[in-house]
$ cat start-v4.pdb   # PDB, C-alpha atoms and all ligand atoms
ATOM      1  CA  MET A   1     -86.280 -69.695  -6.026
ATOM      2  CA  ILE A   2     -85.799 -67.011  -3.372
ATOM      3  CA  SER A   3     -88.427 -67.424  -0.680
ATOM      4  CA  ASN A   4     -88.208 -63.905   0.708
ATOM      5  CA  PRO A   5     -86.787 -61.450  -1.857
ATOM      6  CA  PRO A   6     -86.224 -57.946  -0.470
ATOM      7  CA  PRO A   7     -88.156 -54.983  -1.873
ATOM      8  CA  TRP A   8     -85.516 -53.058  -3.821
ATOM      9  CA  PRO A   9     -85.817 -49.267  -4.289
ATOM     10  CA  ASN A  10     -87.754 -47.912  -7.292
ATOM     11  CA  ASN A  11     -89.143 -51.367  -8.012
ATOM     12  CA  CYS A  12     -85.757 -52.501  -9.255
ATOM     13  CA  ARG A  13     -85.492 -56.214  -9.884
ATOM     14  CA  CYS A  14     -82.194 -56.782  -8.137
ATOM     15  CA  ALA A  15     -79.341 -55.007  -6.387
ATOM     16  CA  VAL A  16     -75.746 -54.894  -7.582
ATOM     17  CA  ALA A  17     -72.649 -53.791  -5.703
ATOM     18  CA  ILE A  18     -69.395 -54.339  -7.527
ATOM     19  CA  THR A  19     -66.825 -54.734  -4.789
ATOM     20  CA  PHE A  20     -63.126 -54.395  -5.450
ATOM     21  CA  ASP A  21     -60.714 -55.652  -2.817
ATOM     22  CA  MET A  22     -57.611 -53.564  -3.458
ATOM     23  CA  ASP A  23     -55.125 -55.871  -1.752
ATOM     24  CA  ALA A  24     -52.212 -54.750  -3.945
ATOM     25  CA  ASP A  25     -48.831 -56.003  -2.703
ATOM     26  CA  SER A  26     -49.968 -56.502   0.900
ATOM     27  CA  LEU A  27     -50.413 -60.144  -0.077
ATOM     28  CA  ILE A  28     -46.776 -60.834  -0.911
ATOM     29  CA  HIS A  29     -45.412 -58.911   2.087
ATOM     30  CA  LEU A  30     -47.623 -60.972   4.365
ATOM     31  CA  GLU A  31     -46.909 -64.277   2.672
ATOM     32  CA  ARG A  32     -43.137 -63.819   2.206
ATOM     33  CA  PRO A  33     -42.097 -61.257   4.844
ATOM     34  CA  ASP A  34     -38.384 -62.112   4.674
ATOM     35  CA  ASP A  35     -37.806 -61.636   0.979
ATOM     36  CA  SER A  36     -40.948 -60.116  -0.526
ATOM     37  CA  PHE A  37     -38.947 -57.006  -1.442
ATOM     38  CA  LYS A  38     -36.842 -59.111  -3.847
ATOM     39  CA  ARG A  39     -39.833 -60.509  -5.734
ATOM     40  CA  VAL A  40     -40.071 -57.652  -8.174
ATOM     41  CA  SER A  41     -42.167 -59.384 -10.795
ATOM     42  CA  THR A  42     -44.855 -60.445  -8.350
ATOM     43  CA  ILE A  43     -44.837 -56.999  -6.772
ATOM     44  CA  SER A  44     -45.337 -55.501 -10.241
ATOM     45  CA  GLN A  45     -48.294 -57.815 -10.845
ATOM     46  CA  LEU A  46     -49.915 -56.792  -7.578
ATOM     47  CA  ARG A  47     -49.119 -53.072  -7.835
ATOM     48  CA  TYR A  48     -50.809 -53.017 -11.242
ATOM     49  CA  GLY A  49     -53.987 -52.587  -9.163
ATOM     50  CA  PRO A  50     -53.311 -49.193  -7.577
ATOM     51  CA  GLU A  51     -50.883 -47.995 -10.265
ATOM     52  CA  VAL A  52     -52.946 -48.756 -13.387
ATOM     53  CA  ALA A  53     -56.252 -50.543 -12.890
ATOM     54  CA  VAL A  54     -58.022 -48.395 -10.312
ATOM     55  CA  SER A  55     -57.927 -45.295 -12.566
ATOM     56  CA  ARG A  56     -59.450 -47.339 -15.373
ATOM     57  CA  ILE A  57     -62.170 -48.681 -13.077
ATOM     58  CA  LEU A  58     -62.931 -45.215 -11.701
ATOM     59  CA  ASP A  59     -63.189 -43.819 -15.236
ATOM     60  CA  THR A  60     -65.759 -46.478 -16.118
ATOM     61  CA  TYR A  61     -67.757 -45.751 -12.991
ATOM     62  CA  LYS A  62     -67.697 -42.046 -13.799
ATOM     63  CA  ARG A  63     -68.871 -42.640 -17.381
ATOM     64  CA  LEU A  64     -71.715 -44.848 -16.165
ATOM     65  CA  GLY A  65     -72.624 -42.770 -13.117
ATOM     66  CA  LEU A  66     -71.933 -45.560 -10.626
ATOM     67  CA  LYS A  67     -70.904 -45.308  -6.963
ATOM     68  CA  GLN A  68     -69.463 -48.525  -5.611
ATOM     69  CA  THR A  69     -67.362 -50.018  -2.781
ATOM     70  CA  PHE A  70     -63.661 -50.764  -2.357
ATOM     71  CA  PHE A  71     -62.405 -52.919   0.517
ATOM     72  CA  ILE A  72     -58.802 -51.980   1.213
ATOM     73  CA  PRO A  73     -56.256 -53.248   3.767
ATOM     74  CA  ALA A  74     -55.220 -50.283   5.902
ATOM     75  CA  TRP A  75     -51.555 -50.747   4.972
ATOM     76  CA  CYS A  76     -52.570 -50.138   1.337
ATOM     77  CA  VAL A  77     -54.597 -47.086   2.369
ATOM     78  CA  ALA A  78     -51.415 -45.602   3.836
ATOM     79  CA  GLN A  79     -49.189 -46.842   0.985
ATOM     80  CA  TYR A  80     -51.280 -45.480  -1.903
ATOM     81  CA  PRO A  81     -52.741 -42.155  -0.686
ATOM     82  CA  ASP A  82     -53.290 -40.680  -4.173
ATOM     83  CA  VAL A  83     -55.438 -43.623  -5.231
ATOM     84  CA  ILE A  84     -57.413 -43.461  -2.008
ATOM     85  CA  ARG A  85     -58.025 -39.748  -2.549
ATOM     86  CA  ARG A  86     -59.351 -40.368  -6.075
ATOM     87  CA  ILE A  87     -61.675 -43.118  -4.850
ATOM     88  CA  ILE A  88     -63.048 -40.846  -2.120
ATOM     89  CA  ASP A  89     -63.271 -37.757  -4.310
ATOM     90  CA  GLN A  90     -65.466 -39.656  -6.764
ATOM     91  CA  GLY A  91     -67.867 -40.610  -3.982
ATOM     92  CA  HIS A  92     -67.106 -44.300  -3.583
ATOM     93  CA  GLU A  93     -67.075 -46.167  -0.284
ATOM     94  CA  ILE A  94     -63.985 -47.599   1.382
ATOM     95  CA  GLY A  95     -64.511 -50.606   3.628
ATOM     96  CA  HIS A  96     -62.202 -52.296   6.140
ATOM     97  CA  HIS A  97     -60.180 -55.274   4.922
ATOM     98  CA  GLY A  98     -57.620 -55.922   7.667
ATOM     99  CA  TYR A  99     -54.282 -54.174   8.130
ATOM    100  CA  LEU A 100     -51.868 -56.182   5.960
ATOM    101  CA  HIS A 101     -54.542 -58.695   4.897
ATOM    102  CA  GLU A 102     -53.872 -60.880   7.950
ATOM    103  CA  ASN A 103     -55.869 -64.075   8.329
ATOM    104  CA  PRO A 104     -58.198 -63.371  11.300
ATOM    105  CA  LEU A 105     -58.384 -67.074  12.175
ATOM    106  CA  GLU A 106     -54.713 -66.905  13.189
ATOM    107  CA  PHE A 107     -55.401 -64.263  15.873
ATOM    108  CA  ASN A 108     -57.125 -64.418  19.248
ATOM    109  CA  ARG A 109     -59.916 -61.990  20.056
ATOM    110  CA  ASP A 110     -57.559 -59.267  21.301
ATOM    111  CA  GLY A 111     -55.376 -59.607  18.228
ATOM    112  CA  GLN A 112     -58.382 -59.334  15.943
ATOM    113  CA  ALA A 113     -59.579 -56.264  17.876
ATOM    114  CA  GLN A 114     -56.173 -54.591  17.494
ATOM    115  CA  LEU A 115     -56.159 -55.165  13.728
ATOM    116  CA  LEU A 116     -59.670 -53.753  13.436
ATOM    117  CA  ASP A 117     -58.836 -50.683  15.520
ATOM    118  CA  LYS A 118     -55.615 -49.996  13.638
ATOM    119  CA  GLY A 119     -57.473 -50.215  10.331
ATOM    120  CA  ILE A 120     -60.310 -47.971  11.481
ATOM    121  CA  GLU A 121     -57.820 -45.326  12.617
ATOM    122  CA  ILE A 122     -55.881 -45.325   9.342
ATOM    123  CA  ILE A 123     -59.015 -45.266   7.166
ATOM    124  CA  GLN A 124     -60.515 -42.485   9.265
ATOM    125  CA  GLN A 125     -57.328 -40.427   8.989
ATOM    126  CA  ALA A 126     -57.206 -40.885   5.223
ATOM    127  CA  THR A 127     -60.875 -40.395   4.411
ATOM    128  CA  GLY A 128     -62.320 -38.407   7.290
ATOM    129  CA  VAL A 129     -64.876 -41.079   8.127
ATOM    130  CA  ALA A 130     -64.743 -44.409   9.908
ATOM    131  CA  PRO A 131     -65.565 -47.428   7.744
ATOM    132  CA  VAL A 132     -69.055 -48.908   8.224
ATOM    133  CA  GLY A 133     -68.417 -52.099   6.259
ATOM    134  CA  TYR A 134     -65.983 -54.972   6.655
ATOM    135  CA  ARG A 135     -64.800 -57.893   4.577
ATOM    136  CA  ALA A 136     -62.510 -60.332   6.341
ATOM    137  CA  PRO A 137     -59.284 -61.094   4.471
ATOM    138  CA  LEU A 138     -59.682 -64.507   2.781
ATOM    139  CA  TYR A 139     -63.370 -64.392   3.871
ATOM    140  CA  ASN A 140     -62.088 -65.670   7.243
ATOM    141  CA  TYR A 141     -64.805 -64.377   9.519
ATOM    142  CA  THR A 142     -64.378 -65.745  13.034
ATOM    143  CA  ASN A 143     -66.658 -66.446  15.984
ATOM    144  CA  ASP A 144     -65.485 -63.125  17.457
ATOM    145  CA  THR A 145     -66.070 -60.995  14.365
ATOM    146  CA  THR A 146     -69.769 -60.180  14.853
ATOM    147  CA  ASP A 147     -69.295 -58.782  18.356
ATOM    148  CA  LEU A 148     -66.107 -56.928  17.449
ATOM    149  CA  LEU A 149     -67.800 -55.239  14.477
ATOM    150  CA  ILE A 150     -70.957 -54.323  16.404
ATOM    151  CA  GLU A 151     -68.891 -52.863  19.278
ATOM    152  CA  ARG A 152     -67.125 -50.603  16.773
ATOM    153  CA  GLY A 153     -70.254 -49.322  15.058
ATOM    154  CA  PHE A 154     -69.961 -51.252  11.801
ATOM    155  CA  GLU A 155     -73.259 -51.487   9.905
ATOM    156  CA  TYR A 156     -72.553 -54.501   7.722
ATOM    157  CA  ASP A 157     -70.238 -57.388   6.950
ATOM    158  CA  ALA A 158     -69.429 -58.758   3.485
ATOM    159  CA  SER A 159     -67.465 -61.935   4.264
ATOM    160  CA  LEU A 160     -70.059 -64.695   4.409
ATOM    161  CA  MET A 161     -71.787 -66.902   1.861
ATOM    162  CA  GLY A 162     -74.944 -67.987   3.650
ATOM    163  CA  ASP A 163     -77.675 -66.617   1.370
ATOM    164  CA  ASP A 164     -78.492 -65.046  -2.009
ATOM    165  CA  ILE A 165     -79.895 -61.905  -0.389
ATOM    166  CA  PRO A 166     -78.990 -59.766   2.623
ATOM    167  CA  TYR A 167     -79.563 -61.398   5.996
ATOM    168  CA  ILE A 168     -79.024 -60.630   9.632
ATOM    169  CA  LEU A 169     -76.229 -61.848  11.891
ATOM    170  CA  ARG A 170     -77.311 -61.904  15.522
ATOM    171  CA  SER A 171     -74.982 -62.258  18.473
ATOM    172  CA  ARG A 172     -75.951 -61.633  22.094
ATOM    173  CA  GLU A 173     -79.197 -59.915  20.986
ATOM    174  CA  LYS A 174     -77.377 -57.399  18.803
ATOM    175  CA  THR A 175     -77.433 -57.523  15.037
ATOM    176  CA  LEU A 176     -75.369 -56.758  11.961
ATOM    177  CA  ILE A 177     -76.413 -56.819   8.298
ATOM    178  CA  GLU A 178     -74.694 -59.461   6.175
ATOM    179  CA  LEU A 179     -74.318 -58.753   2.434
ATOM    180  CA  PRO A 180     -73.189 -62.159   1.167
ATOM    181  CA  SER A 181     -71.278 -63.258  -1.876
ATOM    182  CA  HIS A 182     -69.575 -66.544  -2.799
ATOM    183  CA  TRP A 183     -66.649 -68.036  -4.711
ATOM    184  CA  GLY A 184     -68.636 -68.122  -7.963
ATOM    185  CA  CYS A 185     -68.528 -64.328  -7.934
ATOM    186  CA  ASP A 186     -64.825 -64.096  -7.016
ATOM    187  CA  ASP A 187     -62.245 -63.417  -9.726
ATOM    188  CA  TRP A 188     -59.402 -65.494  -8.257
ATOM    189  CA  PRO A 189     -60.607 -68.890  -9.564
ATOM    190  CA  PRO A 190     -60.988 -67.845 -13.239
ATOM    191  CA  PHE A 191     -58.271 -65.234 -13.540
ATOM    192  CA  ALA A 192     -55.604 -65.227 -10.810
ATOM    193  CA  HIS A 193     -52.275 -66.988 -11.177
ATOM    194  CA  VAL A 194     -49.633 -65.952  -8.627
ATOM    195  CA  PRO A 195     -46.948 -68.615  -8.114
ATOM    196  CA  ASP A 196     -45.234 -66.661  -5.308
ATOM    197  CA  LEU A 197     -48.503 -66.902  -3.349
ATOM    198  CA  ASP A 198     -48.735 -70.642  -4.072
ATOM    199  CA  TYR A 199     -51.826 -69.980  -6.183
ATOM    200  CA  GLN A 200     -51.665 -71.406  -9.680
ATOM    201  CA  MET A 201     -54.738 -71.839 -11.824
ATOM    202  CA  PRO A 202     -55.297 -72.134 -15.563
ATOM    203  CA  VAL A 203     -56.145 -68.568 -16.554
ATOM    204  CA  ARG A 204     -59.398 -68.338 -18.481
ATOM    205  CA  SER A 205     -59.990 -65.960 -21.355
ATOM    206  CA  PRO A 206     -61.791 -62.710 -20.469
ATOM    207  CA  SER A 207     -64.996 -63.862 -22.176
ATOM    208  CA  ALA A 208     -64.930 -67.326 -20.599
ATOM    209  CA  GLY A 209     -64.188 -65.949 -17.140
ATOM    210  CA  LEU A 210     -66.791 -63.225 -17.442
ATOM    211  CA  SER A 211     -69.464 -65.683 -18.556
ATOM    212  CA  GLY A 212     -69.637 -67.143 -15.054
ATOM    213  CA  PHE A 213     -70.263 -63.715 -13.544
ATOM    214  CA  ILE A 214     -72.904 -62.941 -16.174
ATOM    215  CA  GLU A 215     -74.797 -66.122 -15.307
ATOM    216  CA  GLU A 216     -74.570 -65.299 -11.599
ATOM    217  CA  PHE A 217     -75.956 -61.826 -12.308
ATOM    218  CA  GLU A 218     -78.791 -63.052 -14.541
ATOM    219  CA  ALA A 219     -80.037 -65.397 -11.806
ATOM    220  CA  ALA A 220     -80.050 -62.529  -9.307
ATOM    221  CA  TYR A 221     -81.907 -60.362 -11.843
ATOM    222  CA  ARG A 222     -84.473 -63.048 -12.599
ATOM    223  CA  TRP A 223     -85.264 -63.945  -9.003
ATOM    224  CA  GLY A 224     -84.851 -60.634  -7.186
ATOM    225  CA  GLY A 225     -81.529 -61.285  -5.536
ATOM    226  CA  LEU A 226     -78.252 -59.554  -4.865
ATOM    227  CA  PHE A 227     -75.176 -59.666  -7.080
ATOM    228  CA  ILE A 228     -71.883 -58.887  -5.370
ATOM    229  CA  PRO A 229     -68.822 -59.676  -7.448
ATOM    230  CA  VAL A 230     -65.662 -59.890  -5.353
ATOM    231  CA  TRP A 231     -63.028 -58.570  -7.690
ATOM    232  CA  HIS A 232     -59.461 -57.319  -7.395
ATOM    233  CA  PRO A 233     -58.018 -54.427  -9.425
ATOM    234  CA  PHE A 234     -54.850 -56.371 -10.333
ATOM    235  CA  VAL A 235     -57.000 -59.283 -11.566
ATOM    236  CA  THR A 236     -60.229 -58.050 -13.194
ATOM    237  CA  GLY A 237     -58.800 -54.590 -13.815
ATOM    238  CA  ARG A 238     -56.355 -55.946 -16.447
ATOM    239  CA  LEU A 239     -56.942 -54.422 -19.874
ATOM    240  CA  ALA A 240     -58.804 -57.135 -21.794
ATOM    241  CA  ARG A 241     -60.864 -58.213 -18.795
ATOM    242  CA  TRP A 242     -61.973 -54.735 -17.797
ATOM    243  CA  SER A 243     -62.674 -53.827 -21.394
ATOM    244  CA  ALA A 244     -65.118 -56.758 -21.527
ATOM    245  CA  VAL A 245     -66.576 -55.845 -18.130
ATOM    246  CA  GLU A 246     -67.139 -52.240 -19.169
ATOM    247  CA  ASP A 247     -69.023 -53.328 -22.296
ATOM    248  CA  TRP A 248     -71.191 -55.593 -20.153
ATOM    249  CA  LEU A 249     -71.824 -52.932 -17.488
ATOM    250  CA  CYS A 250     -73.046 -50.544 -20.209
ATOM    251  CA  THR A 251     -75.756 -53.046 -21.129
ATOM    252  CA  LEU A 252     -76.777 -53.461 -17.477
ATOM    253  CA  VAL A 253     -77.045 -49.728 -16.819
ATOM    254  CA  ALA A 254     -79.201 -49.390 -19.947
ATOM    255  CA  ARG A 255     -81.780 -51.810 -18.518
ATOM    256  CA  GLU A 256     -82.770 -49.189 -15.904
ATOM    257  CA  ASP A 257     -84.290 -51.712 -13.484
ATOM    258  CA  ILE A 258     -81.104 -52.715 -11.711
ATOM    259  CA  TRP A 259     -80.166 -50.967  -8.475
ATOM    260  CA  PHE A 260     -76.422 -50.235  -8.455
ATOM    261  CA  ALA A 261     -75.361 -48.937  -5.059
ATOM    262  CA  PRO A 262     -72.416 -48.969  -2.706
ATOM    263  CA  MET A 263     -72.645 -51.649  -0.044
ATOM    264  CA  CYS A 264     -73.392 -49.148   2.746
ATOM    265  CA  GLU A 265     -76.522 -47.989   0.917
ATOM    266  CA  ILE A 266     -77.762 -51.534   0.416
ATOM    267  CA  ALA A 267     -77.190 -52.289   4.106
ATOM    268  CA  ARG A 268     -79.040 -49.123   5.134
ATOM    269  CA  HIS A 269     -81.924 -49.916   2.803
ATOM    270  CA  ILE A 270     -82.345 -53.346   4.391
ATOM    271  CA  GLN A 271     -82.077 -51.879   7.893
ATOM    272  CA  ARG A 272     -84.714 -49.233   7.041
ATOM    273  CA  THR A 273     -87.190 -51.696   5.586
ATOM    274  CA  TRP A 274     -86.696 -53.974   8.594
ATOM    275  CA  ASP A 275     -87.097 -51.111  11.080
ATOM    276  CA  GLY A 276     -90.148 -49.871   9.169
ATOM    277  CA  GLY A 277     -91.831 -53.259   9.172
ATOM    278  CA  THR A 278     -92.036 -53.600   5.391
ATOM    279  CA  TYR A 279     -89.519 -56.440   5.201
ATOM    280  CA  THR A 280     -88.330 -59.141   7.585
ATOM    281  CA  PRO A 281     -84.896 -60.502   6.742
ATOM    282  CA  ARG A 282     -83.739 -63.949   7.772
ATOM    283  CA  ILE A 283     -81.791 -64.034  11.025
ATOM    284  CA  ASP A 284     -78.723 -66.223  11.532
ATOM    285  CA  THR A 285     -77.604 -66.511  15.151
ATOM    286  CA  LEU A 286     -73.864 -66.800  15.728
ATOM    287  CA  PRO A 287     -71.721 -68.567  16.679
ATOM    288  CA  HIS A 288     -73.058 -71.676  14.983
ATOM    289  CA  TYR A 289     -70.855 -73.845  17.236
ATOM    290  CA  LYS A 290     -68.977 -73.005  20.416
ATOM    291  CA  GLY A 291     -66.453 -75.808  20.102
ATOM    292  CA  PRO A 292     -65.464 -78.898  18.149
ATOM    293  CA  VAL A 293     -68.446 -80.874  16.863
ATOM    294  CA  SER A 294     -68.360 -84.381  18.303
TER     295      SER A 294
HETATM  296 ZN    ZN B 301     -58.385 -59.409   0.015
END

$ encode --input "start-v4.pdb" --output "structure tokens"
Amino acid sequence: MISNPPPWPNNCRCAVAITFDMDADSLIHLERPDDSFKRVSTISQLRYGPEVAVSRILDTYKRLGLKQTFFIPAWCVAQYPDVIRRIIDQGHEIGHHGYLHENPLEFNRDGQAQLLDKGIEIIQQATGVAPVGYRAPLYNYTNDTTDLLIERGFEYDASLMGDDIPYILRSREKTLIELPSHWGCDDWPPFAHVPDLDYQMPVRSPSAGLSGFIEEFEAAYRWGGLFIPVWHPFVTGRLARWSAVEDWLCTLVAREDIWFAPMCEIARHIQRTWDGGTYTPRIDTLPHYKGPVS
């Protein structure tokens, strides 16, 4: 099923990085800049992430001994310093996720560079270290992103969907690790419903929504792949959903042959095995197209 599965540490069968994108209320301020401040109910829904859910998620990670990754828009890093401190103090990774969750496709190369630099500066000030991982808001990776990330010392990207396992993005003979996911592992389709963001879906029950993620995980476990859920504290961190997730995570940790790690460690593992000649990842050269396809 997977032609070239990576060798995971300690003979583990698959790698898992639960990623939480803590977008909080950046989304409504970006989408409705003129009157977002009046939309109190939507703001309450989005602020549930930093105000309530992240503590719950961190408690679960502590109980299970997990270190994981949070991608956070820099505006949220500045807005919610206490939450950021708790995430860092418990040893989790914070990755770059734009400034106010801007869509990179709406910016030219200079504009994208400015957003990246602003985010790096704010994250570095808050955490003491520059981020090494990036997920583009809305997964909107552009033809400039690879070069911009490499120039700034990023070690991996987590925006693309081109494989079931880590692969390499190459641009102008330089490379970046890609740790891919896809919409089947994203919690917006089963659980999110935010009319003020023009996103309305039938909300599934916790067990029905979680069943899709469980099937995605079991395939990764069976075939030696990588499972990267793309979750949001205000979505999957709600009480009934996270309660179900915690029960499920307990069963996974008990299996003892699953490698849970923050994204930076997975990227470094792949880089090490590639450098050491024990594994050759697939290489994808970017950009795929330099202009409109005729
Ligand atoms: Zn996001």

$ resolve_selection --input "start-v4.pdb" --expression "the PyMOL selection byres (((chain A and resi 181-195) around 7) and not hetatm)" --output "list in words"
Leu160, Met161, Leu179, Pro180, Asp196, Leu197, Asp198, Tyr199, Gln200, Met201, Val203, Arg204, Gly209, Phe213, Ile228, Pro229, Val230, Trp231, Val235 and Thr236 of chain A

$ closest_atom_pairs --input "start-v4.pdb" --of "chain A" --to "ligand ZN 301 (chain B)" --cutoff "12 Å" --atoms "only C-alpha atoms and all ligand atoms" --output "Markdown table"
| residue | atom | partner | partner_atom | distance |
| --- | --- | --- | --- | --- |
| A:Thr19 | CA | B:ZN301 | ZN | 10.8 |
| A:Phe20 | CA | B:ZN301 | ZN | 8.8 |
| A:Asp21 | CA | B:ZN301 | ZN | 5.2 |
| A:Met22 | CA | B:ZN301 | ZN | 6.8 |
| A:Asp23 | CA | B:ZN301 | ZN | 5.1 |
| A:Ala24 | CA | B:ZN301 | ZN | 8.7 |
| A:Asp25 | CA | B:ZN301 | ZN | 10.5 |
| A:Ser26 | CA | B:ZN301 | ZN | 8.9 |
| A:Leu27 | CA | B:ZN301 | ZN | 8.0 |
| A:Ile28 | CA | B:ZN301 | ZN | 11.7 |
| A:Leu30 | CA | B:ZN301 | ZN | 11.7 |
| A:Leu46 | CA | B:ZN301 | ZN | 11.7 |
| A:Phe70 | CA | B:ZN301 | ZN | 10.4 |
| A:Phe71 | CA | B:ZN301 | ZN | 7.7 |
| A:Ile72 | CA | B:ZN301 | ZN | 7.5 |
| A:Pro73 | CA | B:ZN301 | ZN | 7.5 |
| A:Ala74 | CA | B:ZN301 | ZN | 11.3 |
| A:Cys76 | CA | B:ZN301 | ZN | 11.0 |
| A:Gly95 | CA | B:ZN301 | ZN | 11.3 |
| A:His96 | CA | B:ZN301 | ZN | 10.1 |
| A:His97 | CA | B:ZN301 | ZN | 6.7 |
| A:Gly98 | CA | B:ZN301 | ZN | 8.4 |
| A:Tyr99 | CA | B:ZN301 | ZN | 10.5 |
| A:Leu100 | CA | B:ZN301 | ZN | 9.4 |
| A:His101 | CA | B:ZN301 | ZN | 6.3 |
| A:Glu102 | CA | B:ZN301 | ZN | 9.2 |
| A:Asn103 | CA | B:ZN301 | ZN | 9.9 |
| A:Pro104 | CA | B:ZN301 | ZN | 12.0 |
| A:Tyr134 | CA | B:ZN301 | ZN | 11.0 |
| A:Arg135 | CA | B:ZN301 | ZN | 8.0 |
| A:Ala136 | CA | B:ZN301 | ZN | 7.6 |
| A:Pro137 | CA | B:ZN301 | ZN | 4.8 |
| A:Leu138 | CA | B:ZN301 | ZN | 5.9 |
| A:Tyr139 | CA | B:ZN301 | ZN | 8.0 |
| A:Asn140 | CA | B:ZN301 | ZN | 10.3 |
| A:Ala158 | CA | B:ZN301 | ZN | 11.6 |
| A:Ser159 | CA | B:ZN301 | ZN | 10.3 |
| A:Asp186 | CA | B:ZN301 | ZN | 10.6 |
| A:Asp187 | CA | B:ZN301 | ZN | 11.2 |
| A:Trp188 | CA | B:ZN301 | ZN | 10.3 |
| A:Val230 | CA | B:ZN301 | ZN | 9.1 |
| A:Trp231 | CA | B:ZN301 | ZN | 9.0 |
| A:His232 | CA | B:ZN301 | ZN | 7.8 |
| A:Pro233 | CA | B:ZN301 | ZN | 10.7 |
| A:Phe234 | CA | B:ZN301 | ZN | 11.3 |
| A:Val235 | CA | B:ZN301 | ZN | 11.7 |

$ atom_distance --input "start-v4.pdb" --atom1 "atom CA of Arg222 of chain A" --atom2 "atom CA of Ile2 of chain A"
10.1 Å

$ resolve_selection --input "start-v4.pdb" --expression "the PyMOL selection byres (((chain A and resi 87) around 10) and not hetatm)" --output "count of residues only"
22

$ residues_around --input "start-v4.pdb" --residues "Ala267 of chain A" --least-positions-apart "6" --cutoff "9 Å" --atoms "all atoms listed in the file" --output "ChimeraX atom specification"
/A:155-156,166,177-179

$ write_last_selection --input "start-v4.pdb" --atoms "C-alpha atoms" --output "CSV table (one decimal), in the frame of the given file"
chain,number,residue,atom,x,y,z
A,155,GLU,CA,-73.3,-51.5,9.9
A,156,TYR,CA,-72.6,-54.5,7.7
A,166,PRO,CA,-79.0,-59.8,2.6
A,177,ILE,CA,-76.4,-56.8,8.3
A,178,GLU,CA,-74.7,-59.5,6.2
A,179,LEU,CA,-74.3,-58.8,2.4

$ resolve_selection --input "start-v4.pdb" --expression "the PyMOL selection byres (((chain A and resi 224) around 7) and not hetatm)" --output "JSON, numbers by chain"
{"A": [5, 13, 14, 220, 221, 222, 223, 225]}

$ atom_distance --input "start-v4.pdb" --atom1 "atom CA of Leu116 of chain A" --atom2 "atom CA of Val129 of chain A"
14.7 Å

$ atom_distance --input "start-v4.pdb" --atom1 "atom CA of Gly237 of chain A" --atom2 "atom CA of Gly162 of chain A"
27.3 Å

$ closest_residue --input "start-v4.pdb" --among "A:Trp274, A:Phe260, A:Phe227, A:Phe107" --to "Thr142 of chain A" --atoms "all atoms listed in the file"
A:Phe107

$ axis_aligned_box --input "start-v4.pdb" --around "segment 214-223 of chain A" --padding-each-side "6 Å" --output "AutoDock Vina command-line options"
--center_x -79.1 --center_y -63.2 --center_z -12.6 --size_x 24.4 --size_y 17.8 --size_z 19.2

$ closest_residue --input "start-v4.pdb" --among "A:Ser44, A:Gln112, A:Ser171, A:Ser205" --to "His288 of chain A" --atoms "all atoms listed in the file"
A:Ser171

$ closest_residue --input "start-v4.pdb" --among "A:Ile43, A:Ala240, A:Ala126, A:Val52" --to "Ala208 of chain A" --atoms "only C-alpha atoms"
A:Ala240
